[in-house]
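Colleague: Got upload03.pdb for you, PDB, C-alpha atoms and all ligand atoms:
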MODEL        1
ATOM      1  CA  MET A   1     -70.886  29.167-141.067
ATOM      2  CA  LEU A   2     -67.401  30.650-140.840
ATOM      3  CA  LEU A   3     -68.538  32.912-138.008
ATOM      4  CA  LYS A   4     -69.920  29.897-136.081
ATOM      5  CA  ALA A   5     -66.638  28.021-136.522
ATOM      6  CA  PHE A   6     -64.689  31.072-135.353
ATOM      7  CA  LEU A   7     -66.920  31.534-132.289
ATOM      8  CA  GLY A   8     -66.679  27.814-131.504
ATOM      9  CA  CYS A   9     -62.891  27.962-131.620
ATOM     10  CA  LEU A  10     -62.883  31.115-129.501
ATOM     11  CA  LEU A  11     -65.128  29.572-126.856
ATOM     12  CA  MET A  12     -63.051  26.393-126.739
ATOM     13  CA  THR A  13     -59.891  28.471-126.345
ATOM     14  CA  VAL A  14     -61.382  30.560-123.547
ATOM     15  CA  ALA A  15     -62.713  27.454-121.788
ATOM     16  CA  HIS A  16     -59.330  25.734-122.075
ATOM     17  CA  PHE A  17     -57.513  28.602-120.393
ATOM     18  CA  LEU A  18     -60.072  29.299-117.666
ATOM     19  CA  PRO A  19     -58.640  28.488-114.258
ATOM     20  CA  GLN A  20     -61.727  26.415-113.540
ATOM     21  CA  TYR A  21     -60.471  24.573-110.486
ATOM     22  CA  ARG A  22     -59.273  27.563-108.470
ATOM     23  CA  ASN A  23     -62.570  27.652-106.607
ATOM     24  CA  ASN A  24     -62.041  24.019-105.588
ATOM     25  CA  ILE A  25     -58.640  24.507-103.956
ATOM     26  CA  LEU A  26     -57.885  26.092-100.593
ATOM     27  CA  ASN A  27     -56.903  29.708-101.229
ATOM     28  CA  GLY A  28     -57.068  28.890-104.922
ATOM     29  CA  HIS A  29     -57.255  32.554-105.866
ATOM     30  CA  SER A  30     -54.212  33.647-103.891
ATOM     31  CA  ILE A  31     -51.472  31.110-104.662
ATOM     32  CA  PRO A  32     -48.196  33.024-104.761
ATOM     33  CA  ASP A  33     -46.158  33.015-107.935
ATOM     34  CA  PRO A  34     -42.972  31.072-107.061
ATOM     35  CA  CYS A  35     -40.873  33.539-109.046
ATOM     36  CA  CYS A  36     -42.399  36.971-108.648
ATOM     37  CA  ARG A  37     -43.136  38.217-105.134
ATOM     38  CA  GLY A  38     -46.594  39.760-104.865
ATOM     39  CA  ARG A  39     -47.941  38.135-107.992
ATOM     40  CA  VAL A  40     -50.623  35.399-107.957
ATOM     41  CA  TRP A  41     -50.282  32.127-109.892
ATOM     42  CA  ALA A  42     -53.697  31.750-111.519
ATOM     43  CA  ARG A  43     -53.332  28.177-112.800
ATOM     44  CA  VAL A  44     -52.407  26.369-109.597
ATOM     45  CA  GLY A  45     -52.076  22.888-111.049
ATOM     46  CA  HIS A  46     -50.308  23.814-114.265
ATOM     47  CA  THR A  47     -46.679  23.915-115.291
ATOM     48  CA  GLY A  48     -46.766  27.575-116.256
ATOM     49  CA  PRO A  49     -48.977  30.643-116.308
ATOM     50  CA  SER A  50     -50.189  29.835-119.821
ATOM     51  CA  GLN A  51     -49.271  26.174-120.158
ATOM     52  CA  SER A  52     -51.707  23.279-120.127
ATOM     53  CA  GLY A  53     -49.337  20.656-118.676
ATOM     54  CA  LEU A  54     -49.839  19.676-115.053
ATOM     55  CA  ASN A  55     -47.340  20.244-112.276
ATOM     56  CA  LYS A  56     -47.011  17.711-109.457
ATOM     57  CA  PHE A  57     -49.857  19.277-107.476
ATOM     58  CA  GLY A  58     -52.052  19.266-110.575
ATOM     59  CA  ILE A  59     -51.292  15.583-111.121
ATOM     60  CA  ASP A  60     -52.203  14.745-107.505
ATOM     61  CA  PHE A  61     -55.380  16.839-107.798
ATOM     62  CA  LYS A  62     -56.364  15.102-111.040
ATOM     63  CA  LEU A  63     -55.645  11.636-109.617
ATOM     64  CA  ASN A  64     -58.154  12.469-106.856
ATOM     65  CA  GLY A  65     -60.958  13.270-109.272
ATOM     66  CA  ASN A  66     -60.110  17.001-109.465
ATOM     67  CA  ARG A  67     -61.075  17.332-105.818
ATOM     68  CA  PHE A  68     -59.104  18.703-102.904
ATOM     69  CA  THR A  69     -59.361  15.533-100.854
ATOM     70  CA  ALA A  70     -57.712  14.802 -97.511
ATOM     71  CA  GLN A  71     -55.155  12.777 -99.490
ATOM     72  CA  VAL A  72     -54.278  15.804-101.656
ATOM     73  CA  CYS A  73     -54.240  18.021 -98.557
ATOM     74  CA  LEU A  74     -51.804  15.695 -96.750
ATOM     75  CA  ALA A  75     -49.531  15.120 -99.750
ATOM     76  CA  ASP A  76     -46.329  17.062-100.287
ATOM     77  CA  SER A  77     -46.711  17.321-104.044
ATOM     78  CA  ASP A  78     -43.696  19.527-104.705
ATOM     79  CA  GLY A  79     -41.342  17.678-102.352
ATOM     80  CA  ASP A  80     -40.360  20.706-100.268
ATOM     81  CA  GLY A  81     -41.176  18.980 -96.971
ATOM     82  CA  VAL A  82     -44.401  20.958 -96.392
ATOM     83  CA  VAL A  83     -47.742  19.227 -96.980
ATOM     84  CA  ASN A  84     -50.105  20.898 -99.428
ATOM     85  CA  GLY A  85     -52.655  21.877 -96.774
ATOM     86  CA  ILE A  86     -50.055  23.761 -94.750
ATOM     87  CA  GLU A  87     -48.555  25.321 -97.854
ATOM     88  CA  LEU A  88     -52.015  26.506 -98.872
ATOM     89  CA  GLY A  89     -52.541  28.192 -95.523
ATOM     90  CA  LEU A  90     -54.118  25.785 -93.033
ATOM     91  CA  ASN A  91     -53.458  27.058 -89.528
ATOM     92  CA  THR A  92     -52.506  24.195 -87.204
ATOM     93  CA  THR A  93     -52.517  26.258 -84.023
ATOM     94  CA  LEU A  94     -55.756  24.693 -82.759
ATOM     95  CA  TYR A  95     -55.978  21.425 -84.701
ATOM     96  CA  SER A  96     -53.515  19.014 -86.280
ATOM     97  CA  VAL A  97     -52.946  19.078 -90.009
ATOM     98  CA  GLY A  98     -54.504  15.597 -90.188
ATOM     99  CA  THR A  99     -57.692  16.775 -88.493
ATOM    100  CA  LEU A 100     -57.909  19.881 -90.675
ATOM    101  CA  CYS A 101     -57.203  17.982 -93.909
ATOM    102  CA  HIS A 102     -59.841  15.375 -93.127
ATOM    103  CA  PHE A 103     -62.307  18.163 -92.319
ATOM    104  CA  VAL A 104     -61.721  20.149 -95.508
ATOM    105  CA  GLY A 105     -61.466  16.978 -97.566
ATOM    106  CA  SER A 106     -64.950  15.937 -96.519
ATOM    107  CA  TYR A 107     -66.562  19.018 -98.072
ATOM    108  CA  PRO A 108     -66.364  20.507-101.537
ATOM    109  CA  ILE A 109     -63.942  23.408-101.397
ATOM    110  CA  THR A 110     -65.879  26.549-102.221
ATOM    111  CA  PRO A 111     -65.301  30.267-101.656
ATOM    112  CA  ILE A 112     -67.785  29.951 -98.783
ATOM    113  CA  LEU A 113     -65.724  27.194 -97.125
ATOM    114  CA  ASN A 114     -62.561  29.290 -97.600
ATOM    115  CA  ALA A 115     -64.318  32.227 -95.923
ATOM    116  CA  PHE A 116     -65.586  29.988 -93.102
ATOM    117  CA  LEU A 117     -62.083  28.660 -92.430
ATOM    118  CA  LYS A 118     -60.641  32.178 -92.442
ATOM    119  CA  HIS A 119     -63.386  33.427 -90.132
ATOM    120  CA  TRP A 120     -62.473  30.756 -87.564
ATOM    121  CA  ASN A 121     -58.751  31.401 -88.025
ATOM    122  CA  LEU A 122     -58.214  27.940 -89.505
ATOM    123  CA  LEU A 123     -56.913  29.291 -92.803
ATOM    124  CA  ALA A 124     -54.295  31.970 -93.344
ATOM    125  CA  ASN A 125     -52.617  33.089 -96.548
ATOM    126  CA  PRO A 126     -50.697  30.448 -98.507
ATOM    127  CA  SER A 127     -47.026  30.199 -97.633
ATOM    128  CA  GLY A 128     -45.931  28.829-100.987
ATOM    129  CA  HIS A 129     -46.902  27.147-104.222
ATOM    130  CA  PRO A 130     -47.923  23.487-103.771
ATOM    131  CA  GLY A 131     -46.787  22.477-107.256
ATOM    132  CA  PHE A 132     -43.284  23.933-107.304
ATOM    133  CA  CYS A 133     -40.640  23.624-104.667
ATOM    134  CA  ASP A 134     -39.964  27.242-103.731
ATOM    135  CA  LYS A 135     -38.018  26.995-100.479
ATOM    136  CA  PRO A 136     -34.328  27.893-100.246
ATOM    137  CA  HIS A 137     -33.300  24.232 -99.877
ATOM    138  CA  CYS A 138     -35.091  23.078-103.046
ATOM    139  CA  PRO A 139     -32.965  21.424-105.726
ATOM    140  CA  ALA A 140     -33.076  22.978-109.189
ATOM    141  CA  GLN A 141     -35.019  20.087-110.749
ATOM    142  CA  LEU A 142     -37.983  20.708-108.409
ATOM    143  CA  ARG A 143     -38.085  24.466-109.000
ATOM    144  CA  TYR A 144     -39.978  26.436-111.622
ATOM    145  CA  PRO A 145     -37.541  27.876-114.160
ATOM    146  CA  CYS A 146     -38.164  31.513-113.372
ATOM    147  CA  GLY A 147     -37.739  34.192-115.995
ATOM    148  CA  PRO A 148     -38.060  37.927-115.596
ATOM    149  CA  CYS A 149     -41.126  39.119-113.702
TER     150      CYS A 149
HETATM  151 CA    CA B 201     -45.038  21.148-100.461
ENDMDL
END
So that I can check it, write out the structure of this file as structure tokens.
Modeller:
Amino acid sequence: MLLKAFLGCLLMTVAHFLPQYRNNILNGHSIPDPCCRGRVWARVGHTGPSQSGLNKFGIDFKLNGNRFTAQVCLADSDGDGVVNGIELGLNTTLYSVGTLCHFVGSYPITPILNAFLKHWNLLANPSGHPGFCDKPHCPAQLRYPCGPC
């Protein structure tokens, strides 16, 4: 009985901390850490690497049914002046951000869709984190409070 309770708690803990939505976000496995160059932020929509609270991108994602919709793609969740789709790597050389966001928003985001977009040069690497303002002009209240890397 005690073993079952322990395993239940362990499974719930593991499930809680799994970055389950990364597969459903453009470049969800390569979002740059806003503080530490070269490091990936595994929990894209959360307020910290091990925190369960949602950042502004996470709130927008949740409000859209935990889907990367055209609305989420076209939003500038972190207020840095760059829409989420561009920040996550959409390449607007051939098509407008509106066209690309409506295209990707009409399909479930999967690793296969990410690969398709990269194959056709419609998706590059992310340029920033969509949930934290990480550009030089960002005010302190929109930034992630970085500690040591
Ligand atoms: Ca942004």
Colleague: Taking all atoms listed in the file into account, list the residues no farther than 12 Å from ligand CA 201 (chain B), as a PyMOL selection string.
Modeller: chain A and resi 56-57+60+72-89+126-135+138+142-143
Colleague: Residues of the last selection are to be written out with C-alpha atoms, as a PDB file, keeping the file's coordinate frame.
Modeller:
ATOM      1  CA  LYS A  56     -47.011  17.711-109.457  1.00  0.00           C
ATOM      2  CA  PHE A  57     -49.857  19.277-107.476  1.00  0.00           C
ATOM      3  CA  ASP A  60     -52.203  14.745-107.505  1.00  0.00           C
ATOM      4  CA  VAL A  72     -54.278  15.804-101.656  1.00  0.00           C
ATOM      5  CA  CYS A  73     -54.240  18.021 -98.557  1.00  0.00           C
ATOM      6  CA  LEU A  74     -51.804  15.695 -96.750  1.00  0.00           C
ATOM      7  CA  ALA A  75     -49.531  15.120 -99.750  1.00  0.00           C
ATOM      8  CA  ASP A  76     -46.329  17.062-100.287  1.00  0.00           C
ATOM      9  CA  SER A  77     -46.711  17.321-104.044  1.00  0.00           C
ATOM     10  CA  ASP A  78     -43.696  19.527-104.705  1.00  0.00           C
ATOM     11  CA  GLY A  79     -41.342  17.678-102.352  1.00  0.00           C
ATOM     12  CA  ASP A  80     -40.360  20.706-100.268  1.00  0.00           C
ATOM     13  CA  GLY A  81     -41.176  18.980 -96.971  1.00  0.00           C
ATOM     14  CA  VAL A  82     -44.401  20.958 -96.392  1.00  0.00           C
ATOM     15  CA  VAL A  83     -47.742  19.227 -96.980  1.00  0.00           C
ATOM     16  CA  ASN A  84     -50.105  20.898 -99.428  1.00  0.00           C
ATOM     17  CA  GLY A  85     -52.655  21.877 -96.774  1.00  0.00           C
ATOM     18  CA  ILE A  86     -50.055  23.761 -94.750  1.00  0.00           C
ATOM     19  CA  GLU A  87     -48.555  25.321 -97.854  1.00  0.00           C
ATOM     20  CA  LEU A  88     -52.015  26.506 -98.872  1.00  0.00           C
ATOM     21  CA  GLY A  89     -52.541  28.192 -95.523  1.00  0.00           C
ATOM     22  CA  PRO A 126     -50.697  30.448 -98.507  1.00  0.00           C
ATOM     23  CA  SER A 127     -47.026  30.199 -97.633  1.00  0.00           C
ATOM     24  CA  GLY A 128     -45.931  28.829-100.987  1.00  0.00           C
ATOM     25  CA  HIS A 129     -46.902  27.147-104.222  1.00  0.00           C
ATOM     26  CA  PRO A 130     -47.923  23.487-103.771  1.00  0.00           C
ATOM     27  CA  GLY A 131     -46.787  22.477-107.256  1.00  0.00           C
ATOM     28  CA  PHE A 132     -43.284  23.933-107.304  1.00  0.00           C
ATOM     29  CA  CYS A 133     -40.640  23.624-104.667  1.00  0.00           C
ATOM     30  CA  ASP A 134     -39.964  27.242-103.731  1.00  0.00           C
ATOM     31  CA  LYS A 135     -38.018  26.995-100.479  1.00  0.00           C
ATOM     32  CA  CYS A 138     -35.091  23.078-103.046  1.00  0.00           C
ATOM     33  CA  LEU A 142     -37.983  20.708-108.409  1.00  0.00           C
ATOM     34  CA  ARG A 143     -38.085  24.466-109.000  1.00  0.00           C
TER      35      ARG A 143
END
Colleague: To test your reading of the syntax: which residues would the PyMOL selection byres (((chain A and resi 31) around 9) and not hetatm) return for the file shown? Reply as a PDB file with C-alpha atoms, in the coordinates of the input.
Modeller:
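Just written: result.pdb:
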ATOM      1  CA  ASN A  27     -56.903  29.708-101.229  1.00  0.00           C
ATOM      2  CA  GLY A  28     -57.068  28.890-104.922  1.00  0.00           C
ATOM      3  CA  HIS A  29     -57.255  32.554-105.866  1.00  0.00           C
ATOM      4  CA  SER A  30     -54.212  33.647-103.891  1.00  0.00           C
ATOM      5  CA  PRO A  32     -48.196  33.024-104.761  1.00  0.00           C
ATOM      6  CA  ASP A  33     -46.158  33.015-107.935  1.00  0.00           C
ATOM      7  CA  PRO A  34     -42.972  31.072-107.061  1.00  0.00           C
ATOM      8  CA  ARG A  39     -47.941  38.135-107.992  1.00  0.00           C
ATOM      9  CA  VAL A  40     -50.623  35.399-107.957  1.00  0.00           C
ATOM     10  CA  TRP A  41     -50.282  32.127-109.892  1.00  0.00           C
ATOM     11  CA  ALA A  42     -53.697  31.750-111.519  1.00  0.00           C
ATOM     12  CA  ARG A  43     -53.332  28.177-112.800  1.00  0.00           C
ATOM     13  CA  VAL A  44     -52.407  26.369-109.597  1.00  0.00           C
ATOM     14  CA  LEU A  88     -52.015  26.506 -98.872  1.00  0.00           C
ATOM     15  CA  ASN A 125     -52.617  33.089 -96.548  1.00  0.00           C
ATOM     16  CA  PRO A 126     -50.697  30.448 -98.507  1.00  0.00           C
ATOM     17  CA  SER A 127     -47.026  30.199 -97.633  1.00  0.00           C
ATOM     18  CA  GLY A 128     -45.931  28.829-100.987  1.00  0.00           C
ATOM     19  CA  HIS A 129     -46.902  27.147-104.222  1.00  0.00           C
ATOM     20  CA  PRO A 130     -47.923  23.487-103.771  1.00  0.00           C
TER      21      PRO A 130
END
Colleague: So, counting only C-alpha atoms, which residue among A:Ile109, A:Ala140, A:Cys149, A:Leu94 is closest to Asn66 (chain A)?
Modeller: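 Going through A:Ile109, A:Ala140, A:Cys149, A:Leu94 one by one, the smallest distance to Asn66 (chain A) is for A:Ile109.
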Colleague: Using only C-alpha atoms - which residues lie no farther than 12 Å from the point (-62.4, 27.6, -98.0) in the file's frame? Write them as a compact mmCIF listing (two decimals) with C-alpha atoms, in the frame of the given file.
Modeller:
# COMPACT_ATOMS: atom_id res chain seq x y z
CA ARG A 22 -59.27 27.56 -108.47
CA ASN A 23 -62.57 27.65 -106.61
CA ASN A 24 -62.04 24.02 -105.59
CA ILE A 25 -58.64 24.51 -103.96
CA LEU A 26 -57.88 26.09 -100.59
CA ASN A 27 -56.90 29.71 -101.23
CA GLY A 28 -57.07 28.89 -104.92
CA HIS A 29 -57.26 32.55 -105.87
CA SER A 30 -54.21 33.65 -103.89
CA PHE A 68 -59.10 18.70 -102.90
CA GLY A 85 -52.66 21.88 -96.77
CA LEU A 88 -52.02 26.51 -98.87
CA GLY A 89 -52.54 28.19 -95.52
CA LEU A 90 -54.12 25.78 -93.03
CA LEU A 100 -57.91 19.88 -90.68
CA CYS A 101 -57.20 17.98 -93.91
CA PHE A 103 -62.31 18.16 -92.32
CA VAL A 104 -61.72 20.15 -95.51
CA GLY A 105 -61.47 16.98 -97.57
CA TYR A 107 -66.56 19.02 -98.07
CA PRO A 108 -66.36 20.51 -101.54
CA ILE A 109 -63.94 23.41 -101.40
CA THR A 110 -65.88 26.55 -102.22
CA PRO A 111 -65.30 30.27 -101.66
CA ILE A 112 -67.78 29.95 -98.78
CA LEU A 113 -65.72 27.19 -97.12
CA ASN A 114 -62.56 29.29 -97.60
CA ALA A 115 -64.32 32.23 -95.92
CA PHE A 116 -65.59 29.99 -93.10
CA LEU A 117 -62.08 28.66 -92.43
CA LYS A 118 -60.64 32.18 -92.44
CA HIS A 119 -63.39 33.43 -90.13
CA TRP A 120 -62.47 30.76 -87.56
CA ASN A 121 -58.75 31.40 -88.02
CA LEU A 122 -58.21 27.94 -89.50
CA LEU A 123 -56.91 29.29 -92.80
CA ALA A 124 -54.30 31.97 -93.34
CA ASN A 125 -52.62 33.09 -96.55
Colleague: Need the axis-aligned box for region 142-145 of chain A with 8 Å each side, so what are the centre and edges in Å to one decimal, as JSON?
Modeller:
{"center_x": -38.8, "center_y": 24.3, "center_z": -111.3, "size_x": 18.4, "size_y": 23.2, "size_z": 21.8}
Colleague: Quick one: pull the distance between CA of Ser96 (chain A) and CA of Ala70 (chain A), Å, one decimal.
Modeller: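 Here the two named atoms are 12.7 Å from each other.
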